[in-house]
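Accompanying notes for the structure given below.
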Amino acid sequence: MTYATVTGTAIEEAADWLRKGHLVAFPTETVYGLGGNALHADTVVRIFETKERPLYNPLIVHVAQVDEARALVRQWPNGLDILTNTFWPGPLTLLLERNQLVPDLVTAGLDRVAIRIPDHPMALALIRACGFPLAAPSANLFSRISPTTAEHVRNQLEGRIPYILDGGPCTVGLESTIIGLQDGRWCIYRQGAVTAPDLEAFVGKVHTALPTPSPVAPGLLPMHYAPRTRLEFGPLPPGDPRLRSPRTGLLRFDRRLPGISAVQVILAPDSSLHTAARELYAALHQLDSLPLDLILAEPVPEEGLGRAINDRLQRAAGTNIPAGPRNQE
Ligand code: TXA
Ligand code: MG
């Protein structure tokens, strides 16, 4: 099915498409989502088709209030309220034991369903208008760069969906942190804007899952979020000869390198990791749209949000080199 894709701000129009079983891209604070009725298996299949996503990769379910999350799970673990009270709405996704309302397709057959309340007024208004939860992966084609503007969505999904709700650029810019209980302890399956220390202030020691090709959390697959141009991630030796070529792209944290011909994109002239996270995918989209042979990405400081940013860059490079203590647990 092909559509004349409309970009706009009409919640009712978007909700109308969703009620009829179609898909709509909508803004969240992290990245744009490709949403469909999470309780309707036929619609969920469309999400996978539209995104060209393999069926083994499960979807996050978006709700507008905590009760709606409770309605989808078998149990609500002790200690969960403190997390939902603190971090929802927000960039924290919880893996919880699902009940029979959740179609197998949503979880790719896994016992747990991923749920979050996004912190974006349009996303919340849309979910409320529909009256059902929205299954939504990031609104990009499988393995491509996540969208942080309506235009990024259009560039990848034009003709494949009827409506893109435009909420402006995403304020966080990186996908949500994914956590779940493992042997009674909270474990981070995907790094994001909510960091381990943020969580530890409320729930004690939090562990970090190793990157793995298993479907426990395929956000941990080594190759993900990738531009089409080859990307290398790592510190650059001073005077790297590739920086002399105008067909090289260079992605840096906060300062331009003088005296080189490579095309430079600086993530955060203000040296803020928050800014870098917000700009990361737009920078990758921009470099990927240029006639370059290679993109070189340097790590940002490996602290706080910087870990999640470096994690995404490492995956974009398709490399899977453990980067220090965070992978040792
Ligand atoms: O910030 C976000 O999380 C964005 C916005 C749209 O909410 N969504 C997003 O969705 O990043 P997606 O599909 O691109 O990534 C979701 C990740 C995938 O790596 C998926 O494997 C993992 O969540 N996931 C979803 N359900 C899961 C489950 N039941 N068990 C383990 N991992 C799950
Ligand atoms: Mg994604």
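Quick note on naming: the chains in the structure tokens go A, B, ... in the order shown, residues restart at 1 in each chain, and ligands are numbered from 1 in order of appearance.
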- Query: What residues have any atom no more than 7 Å from ligand 2 when counting only C-alpha atoms and all ligand atoms, and can you list them as JSON, numbers by chain?
  - Reply: {"A": [137, 138, 140, 146, 225]}
- Can you check which residues of range 66-244 of chain A DSSP gives as helix (DSSP H, G or I) on the backbone and send them as a PyMOL selection string? chain A and resi 66-70+80-87+104-107+121-130+150-157+196-203+218-220+241-244
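Remark: for Met122 in chain A, the closest of the candidate residues A:Gln65, A:Gln100, A:Asn78, A:Thr28 is A:Thr28 (distances computed over only C-alpha atoms).
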Write out, as JSON lines, each residue of range 146-168 of chain A that has an atom at most 9 Å from range 30-48 of chain A, together with the closest pair of atoms and their distance in Å to one decimal, counting only C-alpha atoms, rows going by chain and rising number.
{"residue": "A:Ser146", "atom": "CA", "partner": "A:Val31", "partner_atom": "CA", "distance": 6.7}
{"residue": "A:Pro147", "atom": "CA", "partner": "A:Tyr32", "partner_atom": "CA", "distance": 5.7}
{"residue": "A:Thr148", "atom": "CA", "partner": "A:Val31", "partner_atom": "CA", "distance": 4.9}
{"residue": "A:Thr149", "atom": "CA", "partner": "A:Tyr32", "partner_atom": "CA", "distance": 7.1}
{"residue": "A:Ala150", "atom": "CA", "partner": "A:Tyr32", "partner_atom": "CA", "distance": 7.5}
{"residue": "A:His152", "atom": "CA", "partner": "A:Tyr32", "partner_atom": "CA", "distance": 9.0}
{"residue": "A:Val153", "atom": "CA", "partner": "A:Tyr32", "partner_atom": "CA", "distance": 7.5}
{"residue": "A:Ile161", "atom": "CA", "partner": "A:Leu34", "partner_atom": "CA", "distance": 9.0}
{"residue": "A:Ile164", "atom": "CA", "partner": "A:Leu34", "partner_atom": "CA", "distance": 8.9}
Who sits within 12 Å of Glu13 in chain A, only C-alpha atoms, same chain under 4 positions skipped, as a compact mmCIF listing (two decimals) with all heavy atoms, in the first residue's frame:
# COMPACT_ATOMS: atom_id res chain seq x y z
N VAL A 6 1.21 12.84 4.57
CA VAL A 6 0.97 14.22 5.01
C VAL A 6 1.77 14.46 6.30
O VAL A 6 1.79 13.62 7.19
CB VAL A 6 -0.54 14.45 5.31
CG1 VAL A 6 -0.78 15.81 5.96
CG2 VAL A 6 -1.35 14.29 4.03
N THR A 7 2.45 15.61 6.37
CA THR A 7 3.08 16.03 7.63
C THR A 7 2.23 17.13 8.22
O THR A 7 1.86 18.08 7.52
CB THR A 7 4.51 16.57 7.40
OG1 THR A 7 5.30 15.53 6.80
CG2 THR A 7 5.16 16.98 8.72
N GLY A 8 1.86 17.02 9.51
CA GLY A 8 1.02 18.05 10.11
C GLY A 8 0.97 17.93 11.61
O GLY A 8 1.72 17.15 12.20
N THR A 9 0.06 18.70 12.20
CA THR A 9 -0.02 18.71 13.67
C THR A 9 -1.43 18.34 14.15
O THR A 9 -1.79 18.62 15.29
CB THR A 9 0.35 20.12 14.21
OG1 THR A 9 -0.52 21.07 13.59
CG2 THR A 9 1.78 20.48 13.93
N TRP A 17 -6.45 7.80 11.55
CA TRP A 17 -5.71 6.78 10.79
C TRP A 17 -5.41 5.58 11.68
O TRP A 17 -5.56 4.43 11.27
CB TRP A 17 -4.40 7.36 10.26
CG TRP A 17 -4.53 8.26 9.06
CD1 TRP A 17 -4.33 9.60 9.01
CD2 TRP A 17 -4.87 7.85 7.71
NE1 TRP A 17 -4.53 10.07 7.73
CE2 TRP A 17 -4.85 9.02 6.91
CE3 TRP A 17 -5.18 6.62 7.12
CZ2 TRP A 17 -5.14 9.00 5.55
CZ3 TRP A 17 -5.46 6.60 5.76
CH2 TRP A 17 -5.45 7.77 4.99
N LEU A 18 -4.97 5.87 12.92
CA LEU A 18 -4.61 4.78 13.83
C LEU A 18 -5.82 3.92 14.16
O LEU A 18 -5.73 2.69 14.19
CB LEU A 18 -3.99 5.36 15.11
CG LEU A 18 -2.58 5.92 14.92
CD1 LEU A 18 -2.17 6.80 16.10
CD2 LEU A 18 -1.57 4.77 14.75
N ARG A 19 -6.96 4.57 14.39
CA ARG A 19 -8.18 3.80 14.71
C ARG A 19 -8.57 2.89 13.57
O ARG A 19 -9.16 1.84 13.76
CB ARG A 19 -9.33 4.74 15.06
CG ARG A 19 -9.22 5.35 16.46
CD ARG A 19 -10.48 6.08 16.86
NE ARG A 19 -10.59 7.34 16.16
CZ ARG A 19 -10.29 8.54 16.69
NH1 ARG A 19 -9.89 8.64 17.94
NH2 ARG A 19 -10.40 9.63 15.97
N LYS A 20 -8.21 3.30 12.35
CA LYS A 20 -8.54 2.46 11.18
C LYS A 20 -7.47 1.41 10.90
O LYS A 20 -7.50 0.74 9.87
CB LYS A 20 -8.73 3.35 9.96
CG LYS A 20 -9.98 4.21 10.05
CD LYS A 20 -10.14 5.04 8.79
CE LYS A 20 -11.36 5.95 8.90
NZ LYS A 20 -11.07 7.29 8.32
N HIS A 22 -4.13 1.94 10.49
CA HIS A 22 -2.94 2.38 9.76
C HIS A 22 -1.87 2.83 10.76
O HIS A 22 -2.10 2.86 11.97
CB HIS A 22 -3.30 3.54 8.81
CG HIS A 22 -4.32 3.15 7.79
ND1 HIS A 22 -3.98 2.67 6.55
CD2 HIS A 22 -5.67 3.16 7.84
CE1 HIS A 22 -5.08 2.40 5.87
NE2 HIS A 22 -6.13 2.69 6.64
N LEU A 23 -0.71 3.22 10.22
CA LEU A 23 0.40 3.64 11.07
C LEU A 23 0.63 5.13 10.97
O LEU A 23 0.40 5.73 9.91
CB LEU A 23 1.70 2.93 10.65
CG LEU A 23 1.62 1.41 10.50
CD1 LEU A 23 3.00 0.87 10.13
CD2 LEU A 23 1.12 0.77 11.79
N VAL A 24 1.09 5.72 12.05
CA VAL A 24 1.37 7.15 12.08
C VAL A 24 2.72 7.36 12.77
O VAL A 24 3.00 6.71 13.78
CB VAL A 24 0.25 7.89 12.85
CG1 VAL A 24 0.69 9.26 13.32
CG2 VAL A 24 -1.01 7.99 11.99
N LEU A 126 -1.98 12.05 21.49
CA LEU A 126 -2.33 11.05 20.46
C LEU A 126 -2.79 9.75 21.11
O LEU A 126 -3.81 9.18 20.71
CB LEU A 126 -1.11 10.81 19.57
CG LEU A 126 -1.32 9.82 18.42
CD1 LEU A 126 -2.33 10.37 17.41
CD2 LEU A 126 0.01 9.50 17.71
N ALA A 129 -6.16 10.24 22.53
CA ALA A 129 -7.20 10.35 21.50
C ALA A 129 -7.57 8.99 20.93
O ALA A 129 -8.73 8.72 20.63
CB ALA A 129 -6.73 11.29 20.38
N CYS A 130 -6.57 8.11 20.78
CA CYS A 130 -6.86 6.77 20.24
C CYS A 130 -7.58 5.90 21.25
O CYS A 130 -8.43 5.09 20.89
CB CYS A 130 -5.58 6.01 19.91
SG CYS A 130 -4.57 6.75 18.71
N PRO A 162 0.51 7.15 6.13
CA PRO A 162 -0.34 8.26 5.73
C PRO A 162 -0.02 9.58 6.42
O PRO A 162 -0.27 10.64 5.86
CB PRO A 162 -1.75 7.79 6.12
CG PRO A 162 -1.53 6.81 7.22
CD PRO A 162 -0.22 6.15 6.93
N TYR A 163 0.52 9.53 7.65
CA TYR A 163 0.60 10.78 8.41
C TYR A 163 1.84 10.81 9.30
O TYR A 163 2.20 9.81 9.94
CB TYR A 163 -0.65 10.93 9.30
CG TYR A 163 -0.94 12.36 9.67
CD1 TYR A 163 -1.64 13.20 8.80
CD2 TYR A 163 -0.48 12.89 10.87
CE1 TYR A 163 -1.87 14.53 9.13
CE2 TYR A 163 -0.72 14.22 11.20
CZ TYR A 163 -1.41 15.03 10.32
OH TYR A 163 -1.64 16.35 10.64
N ILE A 164 2.48 11.99 9.31
CA ILE A 164 3.60 12.24 10.23
C ILE A 164 3.21 13.41 11.11
O ILE A 164 2.98 14.52 10.62
CB ILE A 164 4.90 12.61 9.46
CG1 ILE A 164 5.29 11.49 8.49
CG2 ILE A 164 6.04 12.91 10.46
CD1 ILE A 164 6.43 11.86 7.54
N LEU A 165 3.08 13.15 12.40
CA LEU A 165 2.78 14.24 13.34
C LEU A 165 4.08 14.98 13.60
O LEU A 165 5.07 14.36 14.04
CB LEU A 165 2.29 13.66 14.66
CG LEU A 165 0.82 13.75 15.05
CD1 LEU A 165 0.68 13.26 16.49
CD2 LEU A 165 0.23 15.12 14.90
- Task: Would you mind listing what lies within 9 Å of Arg185 in chain A as a PyMOL selection string, with only C-alpha atoms counted and same-chain residues fewer than 3 positions away left out?
- Result: chain A and resi 180-182+203-207
- Long-range neighbours of Pro54 in chain A as a list in words, 12 Å cut-off, only C-alpha atoms, 4 positions minimum in chain: Val45, Arg46, Ile47, Phe48, Glu49, Thr50, Pro58, Leu59, Leu105, Val106, Ala108, Leu141, Phe142, Ser143, Pro215 and Pro218 of chain A
